[in-house]
Amino acid sequence: MNFFRILFLSLLFLVNKQTLFAQTDFRDQLRIRLEQEKIDSNKVNIMNELAFNYIFSIPDSAIRYADLGLRLAEKIKFKHGIADALNNIGILHRAEGSYKSAIEYHLKALAINEAINDKLGVANNYINIGLVYYAQENAAKAIEYYYKCLKIKEELNDKEGVANALNDMGNIYVNVKNYEKALEFYKNALKIRYELNDPRKTAWTIKSMGMALSHQKNYEEALKYLDQALPFYEQAQDQHGIAEIFNLMANVFFSKNETLKSIFFYEKSVLISNKFNYKLLAKDSFKGLSNAYKKQNNKSKAFDYLEQYTILQDTLFSVETTQKVAQMQAVFENNKKQIAIELLAKDNENQKLQRNAVIIGFALLALLIFVLVRNNKREQLNNAILKQQYVEIRKNKEEIGLKNEQIELFNKSLEEKNRKMTDSIRYAQTIQQSILPREEELKQVFEDYFAIYLPRDIVSGDFYWLDHSPDYNMALIALADCTGHGVPGALMSMIGGSTLDEIAHTEKVFDPALILDKLNVKIRQVLKQDSKASDGMDIAICKIERIDGKNLLTFAGAKRAIYHFDAFNHEFNEIKGTKKSIGGLRKEENKTFVNVEIYLQKDDVIYLTTDGMADQTNDKKEKFSSQKVKSLLFENAHLKMSEQKQIFMTAIKAHMKDEEQRDDISILAIKI
């Protein structure tokens, strides 16, 4: 083994999460058998078995035994032993992340097993190659080799091997989120598990199915399978499996927002985990309980369980670090003994080279132990600081609770004020709607019409107004868009409506242009618009009167137009008003409003609109646009008025989607 391999595998001790060294009776027996064994082929088999047992705990020892086994097997031309040694070296390369080398060694082992017709060895080679591809996240290639393994296992009637392969294939499909395929493999594995009557592995497969269904968010089915796994774990007397099932069921109930049930099963899992010292499982359940109580807004219990989770996390880390130090020291002593034995068997020159390598290796291991011990002390210091922080947090807990109560009281006060304000605005809405023309009145004057009136807030800055002669031979209809919206706009609309009433009812002015002139003057006077107030309105006003059997429309507009649909010629015309608003800071004393007159035929339609619909944006900040409003009017003007209204309502909702309404929206349409 070269220097860089020693260095890499020494560093690997720092990140390996599994047990690094364990002097089990089984390994001791193997080493005793190795010393006593006289037949070389048996020695190879023992070395390969030792290598395999050390792969995921002490890689350095695994490599040494694999190398020794390979050299001896090659020396005596023991092909089965060569294949096993190559296979072990391939697994070691996979553990290191050297996937290309791992594949090369497994393929060499595969070639030998195929040559000697060792089908079981070939099947195991396929599994290991599949695992390399799985580690590389190449699920397709992994499945390909698992299928090859499965075929051989079926030929050998190795039901246990078939079930294991099917279960592994299910796991691969879960990893790539193909849950339907995963469930198919799990179900096939489960059939064999039932035949073999192995309760622990049966429970394992059923649990895998439940977890796959949970990933699919098929929570009801997931719970059924997890519940089915429970009696098999009980039959196997596997307390860890039972606790794990309770934890998984709690996770599913938490995902279903059934918090009380999740707490019940987390607590059952904790009860077993504490009894049998399953600290990792207890840690997960504590975290689940903290999240569940947090969802219930039970801050005290959420904090308590989070504290238990954190303390257990720190304890596990501290224990793991202490074990690593002890295990590395044991590795150090064991390797020193083994290498010393090997040195005695070498000639003087080799002893010198090996001694230098040992010194370097020991120095590296000593350095790593020193670093690990130092890190452990730092972690203990951090834990002490963290515990002190917990004490301080607990001291502040009552103060935080008091502040939370104060905040809640403040929020309730704000909610009450907001409720009262909203109630006031809704009452204002009632008042505003009472001054708008009633539906019965509009129907008496205009037999066929529709009105769309959508305030942005509860009350609106838009308003429409109606006045008519006692015999209904003359009617004035107006639609105005006041400055602002909400409460300010609503106040302005009420001023505008009452002023129009005064002009028409008291002063008996019925000429649209003259009405606008007077409205402009009065609004400036009411709002005292000398130099500061800029409030005003844009308005369209129409007079429709019956003269000599004909319908005459007289229109005047303050920065608003009306639209006329000529039913006979099927034409659509825009009639523009004067480019001047009512009120505001602009002093245009010399500019008067102008009337436009047109005769209307049967089925002609007049449309009055504000700019709210045209200016409404969608989620892409695109306006509905005045051109689209015009197109919508023209395309549907021949339809019934009720149908037109529905089309407009649908169009604006489809455009807005989830966007907020940005202005008041109003449309009045009158059919002659």
# chains A, B, ... in the order shown; residues from 1 in each chain; ligands from 1
$ residues_around --residues "stretch 74-76 of chain A" --least-positions-apart "6" --cutoff "12 Å" --atoms "only C-alpha atoms" --output "PyMOL selection string"
chain A and resi 39-44+67-68+82-86
$ residues_around --residues "A:Tyr305" --least-positions-apart "6" --cutoff "9 Å" --atoms "only C-alpha atoms" --output "NGL selection string"
:A and (286-291 or 293)
$ write_last_selection --atoms "N, CA, C and O atoms" --output "mmCIF file, in the first residue's frame"
data_model
loop_
_atom_site.group_PDB
_atom_site.id
_atom_site.type_symbol
_atom_site.label_atom_id
_atom_site.label_comp_id
_atom_site.auth_asym_id
_atom_site.auth_seq_id
_atom_site.Cartn_x
_atom_site.Cartn_y
_atom_site.Cartn_z
ATOM 1 N N PHE A 286 -38.330 13.781 18.984
ATOM 2 C CA PHE A 286 -38.339 15.064 19.702
ATOM 3 C C PHE A 286 -38.485 16.223 18.731
ATOM 4 O O PHE A 286 -39.227 17.181 18.982
ATOM 5 N N LYS A 287 -37.784 16.150 17.611
ATOM 6 C CA LYS A 287 -37.888 17.216 16.608
ATOM 7 C C LYS A 287 -39.306 17.269 16.037
ATOM 8 O O LYS A 287 -39.876 18.350 15.826
ATOM 9 N N GLY A 288 -39.893 16.080 15.777
ATOM 10 C CA GLY A 288 -41.265 16.023 15.276
ATOM 11 C C GLY A 288 -42.247 16.623 16.268
ATOM 12 O O GLY A 288 -43.157 17.368 15.886
ATOM 13 N N LEU A 289 -42.081 16.317 17.561
ATOM 14 C CA LEU A 289 -42.961 16.872 18.589
ATOM 15 C C LEU A 289 -42.842 18.386 18.667
ATOM 16 O O LEU A 289 -43.834 19.102 18.822
ATOM 17 N N SER A 290 -41.611 18.885 18.542
ATOM 18 C CA SER A 290 -41.406 20.342 18.565
ATOM 19 C C SER A 290 -42.153 21.008 17.416
ATOM 20 O O SER A 290 -42.846 22.017 17.601
ATOM 21 N N ASN A 291 -42.040 20.426 16.219
ATOM 22 C CA ASN A 291 -42.732 20.996 15.050
ATOM 23 C C ASN A 291 -44.256 20.911 15.196
ATOM 24 O O ASN A 291 -44.982 21.832 14.796
ATOM 25 N N TYR A 293 -46.082 20.812 18.040
ATOM 26 C CA TYR A 293 -46.571 21.800 19.014
ATOM 27 C C TYR A 293 -46.416 23.229 18.492
ATOM 28 O O TYR A 293 -47.217 24.107 18.823
#
$ closest_residue --among "A:Ser98, A:Gln308, A:Ser498, A:Ser269" --to "A:Gln136" --atoms "only C-alpha atoms"
A:Ser98
$ residues_around --residues "A:Gln644" --least-positions-apart "4" --cutoff "10 Å" --atoms "only C-alpha atoms" --output "MDAnalysis selection string"
chainID A and resid 449:450 632:633 635:640 648:650 669
$ write_last_selection --atoms "N, CA, C and O atoms" --output "short mmCIF file (atom, residue, chain, number, x, y, z; two decimals), in the first residue's frame"
data_model
loop_
_atom_site.label_atom_id
_atom_site.label_comp_id
_atom_site.auth_asym_id
_atom_site.auth_seq_id
_atom_site.Cartn_x
_atom_site.Cartn_y
_atom_site.Cartn_z
N TYR A 449 -80.92 48.19 -20.40
CA TYR A 449 -79.63 48.80 -20.03
C TYR A 449 -78.85 47.79 -19.18
O TYR A 449 -79.38 46.77 -18.75
N PHE A 450 -77.59 48.10 -18.94
CA PHE A 450 -76.86 47.39 -17.88
C PHE A 450 -75.88 48.36 -17.23
O PHE A 450 -75.43 49.33 -17.86
N LEU A 632 -64.18 44.96 -27.27
CA LEU A 632 -65.16 44.15 -26.56
C LEU A 632 -66.56 44.74 -26.70
O LEU A 632 -67.55 44.00 -26.87
N LEU A 633 -66.64 46.07 -26.65
CA LEU A 633 -67.93 46.74 -26.84
C LEU A 633 -68.51 46.47 -28.22
O LEU A 633 -69.67 46.09 -28.38
N GLU A 635 -67.70 44.14 -30.50
CA GLU A 635 -67.93 42.74 -30.84
C GLU A 635 -69.22 42.19 -30.22
O GLU A 635 -69.81 41.23 -30.74
N ASN A 636 -69.66 42.78 -29.10
CA ASN A 636 -70.80 42.21 -28.38
C ASN A 636 -72.00 43.15 -28.32
O ASN A 636 -73.00 42.83 -27.65
N ALA A 637 -71.94 44.30 -29.03
CA ALA A 637 -73.01 45.30 -28.94
C ALA A 637 -74.36 44.77 -29.45
O ALA A 637 -75.41 45.27 -29.05
N HIS A 638 -74.35 43.77 -30.32
CA HIS A 638 -75.59 43.24 -30.88
C HIS A 638 -76.29 42.28 -29.93
O HIS A 638 -77.45 41.91 -30.15
N LEU A 639 -75.60 41.84 -28.85
CA LEU A 639 -76.18 40.88 -27.91
C LEU A 639 -77.13 41.56 -26.94
O LEU A 639 -77.17 42.79 -26.82
N LYS A 640 -77.87 40.72 -26.19
CA LYS A 640 -78.72 41.26 -25.13
C LYS A 640 -77.86 41.95 -24.10
O LYS A 640 -76.71 41.58 -23.86
N PHE A 648 -68.46 41.19 -20.04
CA PHE A 648 -67.53 42.16 -19.47
C PHE A 648 -67.02 41.69 -18.10
O PHE A 648 -65.82 41.80 -17.80
N MET A 649 -67.91 41.18 -17.28
CA MET A 649 -67.49 40.71 -15.95
C MET A 649 -66.50 39.56 -16.07
O MET A 649 -65.50 39.50 -15.35
N THR A 650 -66.78 38.63 -16.98
CA THR A 650 -65.88 37.48 -17.18
C THR A 650 -64.53 37.94 -17.70
O THR A 650 -63.47 37.45 -17.26
N ALA A 669 -74.49 51.21 -19.95
CA ALA A 669 -74.88 50.97 -21.34
C ALA A 669 -76.39 51.11 -21.47
O ALA A 669 -77.14 50.53 -20.68
#
$ closest_residue --among "A:Lys528, A:Met474, A:Asp566, A:Lys191" --to "A:Ile547" --atoms "only C-alpha atoms"
A:Met474
$ closest_residue --among "A:Pro199, A:Asp462, A:Lys602, A:Gly210" --to "A:Tyr179" --atoms "only C-alpha atoms"
A:Gly210
$ residues_around --residues "stretch 158-165 of chain A" --least-positions-apart "6" --cutoff "10 Å" --atoms "only C-alpha atoms" --output "MDAnalysis selection string"
chainID A and resid 120 123:124 127 143 146:147 149:152 171 185:193 195:196 198 201:202 205
